[in-house]
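Each remark here refers to the structure printed beneath this line.
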Amino acid sequence: MDDFKEITSGNKPFKRAYVAIMLWFVGRAIQAAARVDKNVKGEFKKLPEGFTFCLGVLPKGPYMIVGKNEKGRVKYLGWEPGGRRIDLDMKIKSIEAAILMFTFQESTAIATARDRMIVDGEVPHACAIVRVLDIGEVYLLPKFIARQAVKRYPAWSFGRKYIGRVRIYFRSILGY
Amino acid sequence: MYLPEYYEFCCRVKMIAGHDALEKIPEALAQLHAGRPLIITDKGVSGAGLVDTVVDAIKDGVDIGAMADDVPQDSSLKVVNHLADVYRDNKCDSIIAVGGGSVMDTAKGVNIVVSENADDLMKFSGAGALKRALRPLIVIPTTSGTGSEVTLVAVVKDHERHLKMAFASYFLLPNVAILDSRMTLTLPPAITASTAMDAMAHAVEAYTGLAKNPMSDANAIAAISLISNNLLNVLKNPSDREGRLALANGATLAGAAFSNSMVGVVHALGHATGSMCGVPHGVCMSILLPYGLEYNMRKNAHFTGELLLPLAGAEVYVSTPKHLRAEGAIAYIRKMNQDIHNATDGRHARFLEEVKDRDGKRMVPREKLEAIAGAALDDGSIFYNPEECDYEDFLMIIRAAWEGAPLDRTLIKGV
């Protein structure tokens, strides 16, 4: 066997780094949106206490973990699932599929329809988290990009859209 | 022809279809190296004499291990464990399921227990928990609607722990599905109609949804054509063997289409209406289908328009201007519902207010519509619907479907 060099798949470090940054920011933005946006608050209110979900990329990350503590506060819990109990596990099948999603060439809905993701957990929880992700995308992205990411761009009031966006960006950067 | 950048399609079930397909079971079992099956069914199916028909057709070529007809309306873990004991006690080596979705789900659950020698079925719930092929499973549907004979999922209820266990694996696909006209000949007209319209909804939603692909489309188009061409004839002449076989084929083709391309808003609202009010699934599907298509028109009118060809035939299709074909397809489905209503002496409901139980009591009270819209938000089918659906959207659709009035499309957000 020494005559043959073992070939392993590339790690694609730049793509992984890009997706890791996006996941980090989306995780913190969800934490922020849960304090700022009434619909996101409402979605998390219906989820059980201690609910934790993970969005990540197979086979070895990056990941993003968000949870709701016993006081009902939503927290970004980092990028390391470790031995944590995950109630809803959403895994993108490959880094290439993740790049399509996080460069907004493919919406979450189209990615799901094209079998890009594996979802393990309760379906109603997955529905709620997809709605949260959609709202997050509308806050974080300019309209011409967000229109590619969601099925229908919402008609929000000026205050909700722009003041909300500023508050969410501010809180995401500062992490509270 | 729509070709997505990427799709997955799998349907590796051997189909045996014909007026004498049951007689092929011994040969099919022998090819699977089996010959002593456990027959699983329910009391309704055995009471209708359908199991006797199966036994008569196979008894000379197969050593039947045991027959169990105690599958309840909802599958149950207790029954699964009991039937697994029956399988082992009688040294069976395969399973034949004769019935509808509940019987097939139960048979799939029994197959997991006996193949994995499992004491806790829960260990195998979810997607991808099964790692190897199970014992040979042959399914014989007795309605033409669910498409369960070609789906890779099973749902088993644990009534004691109030749990609903879902299993998804390619290993749950039956080895063989038998479509025999004798199995549906005695199906009453109203059930024939609602189950066929359930299959129609599978095919239409698969063709117009986000996960459509050329393989599913081919199955869906064939299904729609078979159902549209034969349903009314069968209702007028229930002993029409050719028509019965065509509907059975249509349902299976629709099953292959939707189990790969999934469904959308019609099923999300239909599941919610079924669980909140107990309305049979096929009845919900037939009523909601035109409304779902109307709601999605902004996103997929071109695909809906293409369905006018298998629905109404070439003459109507070519004589309808392209921009009116989607409206034509929706109008055709509404007309089908009206024709079925007339052919079943009014037993086939055209809108939700009209749905009555056996005692003539209205099954969907208007005050439940808000709760139905809320429940639909939690249904996974909505991932695959081309148009966004929030609570107000669901409520608008279900209210229109309750009243029987066409959807006011000017009220749809984003239009």
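Residue names in the structure tokens use chain letters A, B, ... in the order shown, residue numbers from 1 in each chain, and ligand numbers from 1 in the order shown.
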Open item on the list: Could you tell me which residues of chain A sit within 8 Å of chain B when counting only C-alpha atoms, and give me the result as an MDAnalysis selection string?
Closed with: chainID A and resid 109:110 112:115 120 123:128 151:154
Open item on the list: Using only C-alpha atoms, which protein or nucleic acid residues come within 9 Å of Gly278 of chain B? Drop anything in the same chain fewer than 3 positions from it, and give the result as a list in words.
Closed with: Thr273, Gly274, Ser275, His281, Met363 and Val364 of chain B
Only C-alpha atoms, please: the residues just picked out, written as a JSON list (two decimals), in the first residue's frame.
[["chain", "number", "residue", "atom", "x", "y", "z"],
["B", 273, "THR", "CA", -59.19, 19.35, 8.39],
["B", 274, "GLY", "CA", -59.00, 15.59, 8.77],
["B", 275, "SER", "CA", -57.41, 15.69, 12.18],
["B", 281, "HIS", "CA", -58.82, 12.36, 3.66],
["B", 363, "MET", "CA", -68.63, 17.65, 10.15],
["B", 364, "VAL", "CA", -66.86, 20.99, 9.65]]
TODO: Mind checking which residues fall within 10 Å of segment 303-310 of chain B, counting only C-alpha atoms, ignoring those fewer than 5 positions away in the same chain, and posting them as a PyMOL selection string?
DONE: chain B and resi 1-2+204-205+207-209+220-229+293-294+296-297+315-318+320-333
Open item on the list: I need the residues in segment 198-243 of chain B that are alpha helix (DSSP H) according to DSSP; give them as an NGL selection string.
Closed with: :B and (198-208 or 214-236 or 241-243)
Those residues you just picked out, can you put them in a file as a CSV table (one decimal), in the first residue's frame with N, CA and C atoms?
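Below is the file that was written, again-v3.csv:
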chain,number,residue,atom,x,y,z
B,198,ASP,N,-58.3,11.5,-4.2
B,198,ASP,CA,-57.1,11.6,-3.3
B,198,ASP,C,-55.9,11.4,-4.2
B,199,ALA,N,-56.0,10.3,-5.0
B,199,ALA,CA,-54.9,10.0,-6.0
B,199,ALA,C,-54.7,11.2,-7.0
B,200,MET,N,-55.8,11.7,-7.4
B,200,MET,CA,-55.7,12.9,-8.3
B,200,MET,C,-55.0,14.0,-7.7
B,201,ALA,N,-55.3,14.3,-6.4
B,201,ALA,CA,-54.6,15.4,-5.7
B,201,ALA,C,-53.1,15.1,-5.5
B,202,HIS,N,-52.8,13.8,-5.3
B,202,HIS,CA,-51.3,13.4,-5.2
B,202,HIS,C,-50.6,13.8,-6.5
B,203,ALA,N,-51.2,13.4,-7.6
B,203,ALA,CA,-50.6,13.6,-8.9
B,203,ALA,C,-50.5,15.1,-9.3
B,204,VAL,N,-51.6,15.8,-9.1
B,204,VAL,CA,-51.7,17.2,-9.4
B,204,VAL,C,-50.7,18.0,-8.6
B,205,GLU,N,-50.6,17.7,-7.3
B,205,GLU,CA,-49.7,18.5,-6.4
B,205,GLU,C,-48.2,18.1,-6.7
B,206,ALA,N,-48.0,16.8,-7.0
B,206,ALA,CA,-46.6,16.4,-7.4
B,206,ALA,C,-46.2,17.2,-8.7
B,207,TYR,N,-47.1,17.3,-9.6
B,207,TYR,CA,-46.8,18.0,-10.9
B,207,TYR,C,-46.6,19.5,-10.8
B,208,THR,N,-47.3,20.1,-9.9
B,208,THR,CA,-47.3,21.5,-9.8
B,208,THR,C,-46.4,22.1,-8.6
B,214,PRO,N,-38.8,15.2,-14.0
B,214,PRO,CA,-39.4,14.6,-15.1
B,214,PRO,C,-39.9,13.2,-14.8
B,215,MET,N,-39.2,12.4,-13.9
B,215,MET,CA,-39.7,11.1,-13.6
B,215,MET,C,-41.1,11.1,-12.9
B,216,SER,N,-41.2,12.0,-11.9
B,216,SER,CA,-42.5,12.2,-11.2
B,216,SER,C,-43.5,12.7,-12.2
B,217,ASP,N,-43.1,13.7,-13.0
B,217,ASP,CA,-44.1,14.2,-13.9
B,217,ASP,C,-44.7,13.2,-14.9
B,218,ALA,N,-43.9,12.2,-15.3
B,218,ALA,CA,-44.4,11.2,-16.2
B,218,ALA,C,-45.4,10.3,-15.5
B,219,ASN,N,-45.1,10.0,-14.3
B,219,ASN,CA,-46.1,9.2,-13.5
B,219,ASN,C,-47.3,10.0,-13.2
B,220,ALA,N,-47.2,11.3,-12.9
B,220,ALA,CA,-48.3,12.1,-12.5
B,220,ALA,C,-49.3,12.3,-13.7
B,221,ILE,N,-48.7,12.6,-14.9
B,221,ILE,CA,-49.5,12.8,-16.1
B,221,ILE,C,-50.3,11.5,-16.4
B,222,ALA,N,-49.6,10.4,-16.4
B,222,ALA,CA,-50.3,9.1,-16.6
B,222,ALA,C,-51.5,8.9,-15.6
B,223,ALA,N,-51.2,9.2,-14.4
B,223,ALA,CA,-52.2,9.0,-13.3
B,223,ALA,C,-53.4,9.9,-13.5
B,224,ILE,N,-53.2,11.1,-13.9
B,224,ILE,CA,-54.3,12.1,-14.1
B,224,ILE,C,-55.1,11.6,-15.2
B,225,SER,N,-54.5,11.2,-16.3
B,225,SER,CA,-55.2,10.7,-17.5
B,225,SER,C,-56.1,9.5,-17.1
B,226,LEU,N,-55.5,8.5,-16.5
B,226,LEU,CA,-56.3,7.3,-16.1
B,226,LEU,C,-57.4,7.6,-15.2
B,227,ILE,N,-57.2,8.5,-14.2
B,227,ILE,CA,-58.3,8.8,-13.3
B,227,ILE,C,-59.4,9.6,-14.0
B,228,SER,N,-59.0,10.6,-14.7
B,228,SER,CA,-60.0,11.5,-15.4
B,228,SER,C,-60.8,10.7,-16.4
B,229,ASN,N,-60.2,9.8,-17.1
B,229,ASN,CA,-60.9,9.0,-18.2
B,229,ASN,C,-61.8,8.0,-17.6
B,230,ASN,N,-61.6,7.5,-16.4
B,230,ASN,CA,-62.3,6.3,-15.9
B,230,ASN,C,-63.2,6.5,-14.7
B,231,LEU,N,-63.0,7.5,-13.9
B,231,LEU,CA,-63.7,7.6,-12.7
B,231,LEU,C,-65.2,7.6,-12.8
B,232,LEU,N,-65.7,8.5,-13.7
B,232,LEU,CA,-67.1,8.6,-13.9
B,232,LEU,C,-67.8,7.4,-14.4
B,233,ASN,N,-67.0,6.7,-15.4
B,233,ASN,CA,-67.5,5.5,-15.9
B,233,ASN,C,-67.7,4.4,-14.8
B,234,VAL,N,-66.7,4.3,-13.9
B,234,VAL,CA,-66.7,3.3,-12.9
B,234,VAL,C,-67.9,3.6,-11.9
B,235,LEU,N,-68.1,4.9,-11.6
B,235,LEU,CA,-69.2,5.3,-10.7
B,235,LEU,C,-70.5,4.9,-11.3
B,236,LYS,N,-70.7,5.0,-12.6
B,236,LYS,CA,-71.9,4.7,-13.3
B,236,LYS,C,-72.0,3.1,-13.5
B,241,ARG,N,-64.5,-3.8,-14.8
B,241,ARG,CA,-63.2,-4.3,-14.4
B,241,ARG,C,-62.1,-3.5,-15.0
B,242,GLU,N,-62.2,-3.1,-16.3
B,242,GLU,CA,-61.2,-2.3,-16.9
B,242,GLU,C,-61.0,-1.0,-16.2
B,243,GLY,N,-62.1,-0.4,-15.9
B,243,GLY,CA,-62.1,0.9,-15.3
B,243,GLY,C,-61.5,0.8,-13.9
- [ ] Choose the residue, out of A:Lys75, A:Leu174, A:Ile168, A:Glu106, that has the smallest atom-to-atom separation from Val150 of chain A; count only C-alpha atoms.
- [x] A:Glu106
